[in-house]
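Here's the structure, in structure tokens; my notes come after.
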Amino acid sequence: MDTTKFTRRQTLASLGAGVSLAALPGCAQQLTRPAGPQGGGLLPIDNASANAFLERIAYNLLKHEPERATGLGVDTGEYAYLRGQLEDQSPDGQAALAETLKSDLALVRSLDTSALDADTRTSLEVVESAYDVATAGFDLPYGDIPIGSWRTAPYAVIQNVGTYLDMPRLLDSTHPLKTPDDAEAYAERLRALPAVLDGELARMREARGMGVVPPSFLLDKAIAQMESTLSMARSGELFLAQLSENLSDTGIARAWPMELNPLVTGPIAGALGRQLSELRVQRGMATGDPGMSARPRGDEWYAWALRSSTTTTMSPDEVHEQGLEELALLHDRMDPILREIGYTSGTVGERMQALSEDPRYKFAEGDPGRAEIMAFIEERIGWIKGQMPRAFNTLVDPRLEVKRLPLAEEPGAPGAYGGAGSKDGSIPGRMWINLRTTDLHRKYDLADLTFHETIPGHVWEGEYSNRLPLIRSILAFNAFSEGWALYAEQLADELGAYDDFKVGRLGYLQSLAFRACRMVVDTGLHHKRWSRERAVDFFVERNGSKREEVESEVDRYCSWPGQACGYKLGHSEIVRQRGRAQAAMGSAYDFKGFNDAVILGGNAPLDVLAKNVDRYIASV
């Protein structure tokens, strides 16, 4: 390897400067200070200067989170050095990230936005909201704080949080390997990995010192997964097996991965082993109490997590009651369909349980069933692509692939998740499907899951966000992201996905009811001191959910408090805004026009979504 290229990247990294408003055109140099009691007036700024400012603060964030730059495909040109870096997970690294956010937030608040166009003003409002919530999270004494992300994690490493999970996904599927420079950046990231893992370890120990220990059942999963990852590292399989496969179609020497074997089997395995030892220490101290109310400052942490995940100020009790109300309404819609297909006895939940055991709707076991599931997903994607001109005036054509989750991740992961590709189009949008057992899925519920994760759900929505300024492609709000994905399921139903398959409509309605259950269960766990067993039973008994599926779901709510509440709240708000537009516009209302207004406005907090709809109503 040519070490001079590593030096060049390191040199470029050291040159990254923060925002200087005085350097931007249209900004008065004497007004570069943030506004405040002693800060003078607001800084006048025009559209060009505001967009240059937005671009700069995007890269200020990406310098702390270079993995995102790779995922977006913007680690190029003067920012190519980011491709060889990883986020500093140490306490000092996270503190430096928090300081950047606070500094840039103060600058956003110092701007006079009155002369800006609506889109640019919206982008600044989105940044202010995201950074305000994130800085409040960093003021809490522990946790893995998201900036424009779905994850609100009080534990730095657990069954679905941590570099030991994130890094194989990044390096195996996202990090490009087309040139020798890409390969050098890959090696550079591997060299940085032990320090990153040890940085997380320091935060794990700090939290334990405060009395913050995850529930025992989460630690059991995390320990098993870490043992698997460590075994792969010690054997030299971790990273390197997939790397060899990824290099097969390139001009890079395929023998090159063997040079990295001592790094993986030595320092990386050693760092993973230290994290595993810490997890075992924590397991010796852990209880089975699942909720944040049992952790130090847990009620405060959960209140912040709800704010972050819903972009509202709703209390846990308000979220809980809304979830119960929406669940009852959805079951009222499911009941007549169940009766029509012959399921007449018992509660909706009991009848859905019986339906789930009907062999007609199960996939085969093992690899034949996995192949059947993949073919089913591809067929549904093909169908929904053809319907999009009926739902939108502004169309995109996303690159999209469906992939099985990495085996080490499957035990702690949900049934599926998905997201958009890179901003430059080099990395496709993906639906990751959990296939640890085919019993996770049914033929009547896999279609709505596909629409949720791909088109017109997460992958579709992300393609529009990728057309916005870079910072808008970075920042995502859980309530909008997941609310839109549920609205995407609704669009599929409205476009005829289940007209000839009524059982499929049951699966769609159960999907919505499932998200209403989440509001009840998440607040039950973290605010009302429910046990894990009570949470699982609520899903199974009230909604007819599959026990094996909801056990992993409930575990996820324990490690991502609040996140599960954003889905149905976001969906209900989009539907409410649609009703408001219909009432205000009368015959001028247009189905496709409304959908365009929401998705072209970009991923945003729910109050900003309402402003986008206001502009749509006023424009017609």
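Identifiers in this document derive from the order of the structure tokens: chains are assigned A, B, ..., residues are numbered from 1 separately in each chain, and ligands are numbered from 1 in order of occurrence.
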
Note to self: So that I can see what lies close to range 482-488 of chain A, please list as a PyMOL selection string the residues with an atom at most 6 Å from it, counting only C-alpha atoms and leaving out residues fewer than 6 positions away in the same chain.
What the structure shows: chain A and resi 452+456-458+567+570-571

Write the residues of the selection above to a file with C-alpha atoms, as a compact mmCIF listing (two decimals), in the first residue's frame.
```txt
# COMPACT_ATOMS: atom_id res chain seq x y z
CA HIS A 452 -43.51 0.11 3.32
CA PRO A 456 -43.76 4.11 -2.39
CA GLY A 457 -42.24 3.84 1.07
CA HIS A 458 -38.72 4.41 2.36
CA TYR A 567 -44.97 5.39 12.99
CA GLY A 570 -46.78 10.28 11.70
CA HIS A 571 -49.23 8.38 9.51
```

Select from range 183-238 of chain A every residue with an atom at most 12 Å from any atom of range 513-534 of chain A, then for each give the shortest pair of atoms and their distance in Å to one decimal, using only C-alpha atoms, rows by chain and rising number, as a tab-separated table.
```
residue	atom	partner	partner_atom	distance
A:Pro215	CA	A:Arg532	CA	10.0
A:Ser216	CA	A:Arg532	CA	11.2
A:Phe217	CA	A:Arg532	CA	9.4
A:Leu218	CA	A:Arg532	CA	10.9
```

Next item on the list: Within range 241-312 of chain A, find each residue whose DSSP state, derived from the backbone, is helix (DSSP H, G or I), and express the selection as an MDAnalysis selection string.
Entry: chainID A and resid 241:249 257:285 292:294 298:310

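Counting only C-alpha atoms, the residue from A:Glu378, A:Gln89, A:Gly211, A:Asp299 that sits nearest to Ile145 in chain A is A:Gln89.
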
Kindly provide the residues of range 535-619 of chain A that approach range 407-411 of chain A to within 12 Å, each paired with its closest atom pair and their distance in Å to one decimal, based on only C-alpha atoms, listed by chain and increasing number, as JSON lines.
```
{"residue": "A:Glu548", "atom": "CA", "partner": "A:Pro411", "partner_atom": "CA", "distance": 10.6}
{"residue": "A:Glu549", "atom": "CA", "partner": "A:Pro411", "partner_atom": "CA", "distance": 10.4}
{"residue": "A:Glu551", "atom": "CA", "partner": "A:Pro411", "partner_atom": "CA", "distance": 10.5}
{"residue": "A:Ser552", "atom": "CA", "partner": "A:Pro411", "partner_atom": "CA", "distance": 7.6}
{"residue": "A:Glu553", "atom": "CA", "partner": "A:Pro411", "partner_atom": "CA", "distance": 10.8}
{"residue": "A:Asp555", "atom": "CA", "partner": "A:Pro411", "partner_atom": "CA", "distance": 10.6}
{"residue": "A:Arg556", "atom": "CA", "partner": "A:Pro411", "partner_atom": "CA", "distance": 11.0}
```

Notebook entry, point to check: Smallest atom-to-atom distance to Ala69 in chain A: which of A:Leu470, A:Asn246, A:Leu509, A:Lys221, using only C-alpha atoms?
Noted result: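 Answer, going by the shortest atom-to-atom distance: A:Leu470.
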
Item checked: Spatial neighbours of Glu227 in chain A, max dist 10 Å, only C-alpha atoms, sep filter under 3 positions, as a list of chain:residue names -> A:Lys221, A:Ala222, A:Ile223, A:Ala224, A:Leu230, A:Ser231, A:Met232, A:Ala233, A:Leu272, A:Gly273, A:Leu276, A:Ala408

May I have the residues from that selection written out with C-alpha atoms, as a PDB file, in the first residue's frame?
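Written file, again-v1.pdb:
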```pdb
ATOM      1  CA  LYS A 221     -28.890 -11.417  22.699  1.00  0.00           C
ATOM      2  CA  ALA A 222     -26.009  -8.957  22.442  1.00  0.00           C
ATOM      3  CA  ILE A 223     -23.557 -11.395  24.016  1.00  0.00           C
ATOM      4  CA  ALA A 224     -24.556 -14.177  21.603  1.00  0.00           C
ATOM      5  CA  LEU A 230     -15.705 -12.301  17.549  1.00  0.00           C
ATOM      6  CA  SER A 231     -15.502 -15.893  16.304  1.00  0.00           C
ATOM      7  CA  MET A 232     -15.602 -14.640  12.720  1.00  0.00           C
ATOM      8  CA  ALA A 233     -12.882 -12.111  13.488  1.00  0.00           C
ATOM      9  CA  LEU A 272     -14.333  -7.017  20.159  1.00  0.00           C
ATOM     10  CA  GLY A 273     -13.209  -9.295  22.975  1.00  0.00           C
ATOM     11  CA  LEU A 276     -17.706  -8.837  25.008  1.00  0.00           C
ATOM     12  CA  ALA A 408     -25.202 -12.065  12.764  1.00  0.00           C
TER      13      ALA A 408
END
```

Next item on the list: Just give me the gap between CA of Ser559 in chain A and CA of Ala153 in chain A in Å, one decimal is fine.
Entry: 5.8 Å

As a CSV table (one decimal) with C-alpha atoms, in the first residue's frame, please: the residues near Glu237 in chain A (cut-off 12 Å, only C-alpha atoms, same-chain neighbours under 3 positions excluded).
```
chain,number,residue,atom,x,y,z
A,168,PRO,CA,-19.9,-5.2,8.6
A,172,ASP,CA,-19.6,-5.3,3.0
A,228,SER,CA,-20.5,-14.8,16.8
A,229,THR,CA,-18.8,-11.6,15.5
A,230,LEU,CA,-15.7,-12.3,17.5
A,231,SER,CA,-15.5,-15.9,16.3
A,232,MET,CA,-15.6,-14.6,12.7
A,233,ALA,CA,-12.9,-12.1,13.5
A,234,ARG,CA,-10.6,-14.7,15.1
A,240,LEU,CA,-12.3,-10.4,4.6
A,241,ALA,CA,-14.6,-13.2,3.2
A,242,GLN,CA,-17.0,-10.7,1.8
A,243,LEU,CA,-14.2,-8.4,0.7
A,244,SER,CA,-12.7,-11.1,-1.5
A,245,GLU,CA,-16.1,-11.7,-3.1
A,257,PRO,CA,-7.3,-9.1,1.7
A,258,MET,CA,-4.8,-11.6,3.1
A,260,LEU,CA,-5.4,-7.4,6.3
A,261,ASN,CA,-5.8,-10.8,8.0
A,262,PRO,CA,-3.4,-10.0,11.0
A,263,LEU,CA,-5.3,-6.8,11.6
A,264,VAL,CA,-8.7,-8.6,11.8
A,265,THR,CA,-7.5,-11.6,13.8
A,269,ALA,CA,-10.6,-9.3,17.5
```

Item checked: Two-atom distance - CA of Thr287 in chain A, CA of Val213 in chain A (Å) ->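 Separation of CA of Thr287 in chain A and CA of Val213 in chain A: 8.4 Å.
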
Next item on the list: Would you list, as a PyMOL selection string, the residues of range 298-541 of chain A that end up in strand (DSSP E) under DSSP run on this structure's backbone?
Entry: chain A and resi 400-404+416-419+429-433

Proximity of range 73-146 of chain A to range 592-613 of chain A: per-residue shortest pair, 8 Å limit, only C-alpha atoms, as a tab-separated table:
```
residue	atom	partner	partner_atom	distance
A:Asp119	CA	A:Gly601	CA	7.8
A:Thr122	CA	A:Val608	CA	7.2
A:Glu125	CA	A:Val608	CA	7.5
A:Val126	CA	A:Ala604	CA	6.0
A:Ser129	CA	A:Pro605	CA	7.4
```

Excluding range 463-466 of chain A and its own-chain neighbours fewer than 6 positions away, which residues fall within 10 Å of it when counting only C-alpha atoms? Please give them as a CSV table (one decimal) with C-alpha atoms, in the first residue's frame.
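To be explicit, this is the file written out as result-v4.csv:
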```
chain,number,residue,atom,x,y,z
A,72,LEU,CA,-24.7,9.3,0.4
A,394,THR,CA,-43.4,14.0,-10.1
A,395,LEU,CA,-41.9,10.6,-10.6
A,396,VAL,CA,-38.5,9.0,-9.7
A,397,ASP,CA,-37.0,5.7,-10.8
A,398,PRO,CA,-35.0,4.4,-7.9
A,399,ARG,CA,-32.3,1.8,-8.2
A,419,GLY,CA,-33.9,3.0,2.8
A,420,ALA,CA,-32.8,5.1,-0.1
A,421,GLY,CA,-29.6,4.8,-2.0
A,422,SER,CA,-26.8,7.3,-2.2
A,423,LYS,CA,-27.3,10.8,-3.3
A,424,ASP,CA,-25.1,10.3,-6.4
A,425,GLY,CA,-27.0,7.1,-7.4
A,429,GLY,CA,-31.8,1.7,-2.3
A,472,ARG,CA,-31.8,17.5,4.0
A,473,SER,CA,-30.6,14.2,2.6
A,474,ILE,CA,-28.8,13.6,5.9
A,475,LEU,CA,-31.5,14.7,8.3
A,476,ALA,CA,-34.5,12.3,8.6
A,596,ASP,CA,-46.4,15.6,-4.5
A,599,ILE,CA,-43.0,14.2,-0.6
A,600,LEU,CA,-41.4,17.1,-2.4
A,601,GLY,CA,-41.4,19.1,0.8
A,602,GLY,CA,-38.9,16.5,2.1
A,603,ASN,CA,-38.4,14.7,5.3
A,604,ALA,CA,-39.4,17.1,8.0
```

Check: Can you tell me, as a PyMOL selection string, what residues are no more than 10 Å from Lys502 in chain A when counting only C-alpha atoms, ignoring any on the same chain fewer than 3 positions away?
Finding: chain A and resi 337-338+340-341+444+497-499+505-508

Filtering to N, CA and C atoms, could you give me those residues as a PDB file, in the first residue's frame?
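Wrote it out as selection.pdb, contents follow:
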```
ATOM      1  N   ILE A 337     -64.244  -7.980   7.480  1.00  0.00           N
ATOM      2  CA  ILE A 337     -63.488  -8.771   6.502  1.00  0.00           C
ATOM      3  C   ILE A 337     -63.268 -10.171   7.034  1.00  0.00           C
ATOM      4  N   LEU A 338     -62.904 -10.270   8.309  1.00  0.00           N
ATOM      5  CA  LEU A 338     -62.727 -11.594   8.917  1.00  0.00           C
ATOM      6  C   LEU A 338     -64.021 -12.397   8.855  1.00  0.00           C
ATOM      7  N   GLU A 340     -66.391 -12.080   6.691  1.00  0.00           N
ATOM      8  CA  GLU A 340     -66.679 -12.412   5.290  1.00  0.00           C
ATOM      9  C   GLU A 340     -65.902 -13.640   4.826  1.00  0.00           C
ATOM     10  N   ILE A 341     -64.687 -13.839   5.338  1.00  0.00           N
ATOM     11  CA  ILE A 341     -63.880 -14.992   4.900  1.00  0.00           C
ATOM     12  C   ILE A 341     -64.038 -16.191   5.843  1.00  0.00           C
ATOM     13  N   TYR A 444     -50.128 -12.933   3.345  1.00  0.00           N
ATOM     14  CA  TYR A 444     -51.076 -11.818   3.422  1.00  0.00           C
ATOM     15  C   TYR A 444     -50.465 -10.571   4.064  1.00  0.00           C
ATOM     16  N   ALA A 497     -54.074  -2.754  -4.552  1.00  0.00           N
ATOM     17  CA  ALA A 497     -53.202  -3.900  -4.254  1.00  0.00           C
ATOM     18  C   ALA A 497     -53.978  -5.101  -3.720  1.00  0.00           C
ATOM     19  N   TYR A 498     -55.100  -4.849  -3.060  1.00  0.00           N
ATOM     20  CA  TYR A 498     -55.816  -5.954  -2.407  1.00  0.00           C
ATOM     21  C   TYR A 498     -57.236  -6.128  -2.929  1.00  0.00           C
ATOM     22  N   ASP A 499     -57.528  -5.496  -4.067  1.00  0.00           N
ATOM     23  CA  ASP A 499     -58.887  -5.603  -4.598  1.00  0.00           C
ATOM     24  C   ASP A 499     -59.276  -7.043  -4.889  1.00  0.00           C
ATOM     25  N   ARG A 505     -55.706  -7.343   2.335  1.00  0.00           N
ATOM     26  CA  ARG A 505     -56.136  -6.099   2.992  1.00  0.00           C
ATOM     27  C   ARG A 505     -56.147  -6.296   4.509  1.00  0.00           C
ATOM     28  N   LEU A 506     -56.495  -7.472   4.967  1.00  0.00           N
ATOM     29  CA  LEU A 506     -56.403  -7.753   6.400  1.00  0.00           C
ATOM     30  C   LEU A 506     -54.967  -7.587   6.888  1.00  0.00           C
ATOM     31  N   GLY A 507     -54.025  -8.084   6.092  1.00  0.00           N
ATOM     32  CA  GLY A 507     -52.619  -7.929   6.474  1.00  0.00           C
ATOM     33  C   GLY A 507     -52.225  -6.474   6.550  1.00  0.00           C
ATOM     34  N   TYR A 508     -52.712  -5.663   5.602  1.00  0.00           N
ATOM     35  CA  TYR A 508     -52.411  -4.228   5.620  1.00  0.00           C
ATOM     36  C   TYR A 508     -53.009  -3.555   6.856  1.00  0.00           C
TER      37      TYR A 508
END
```
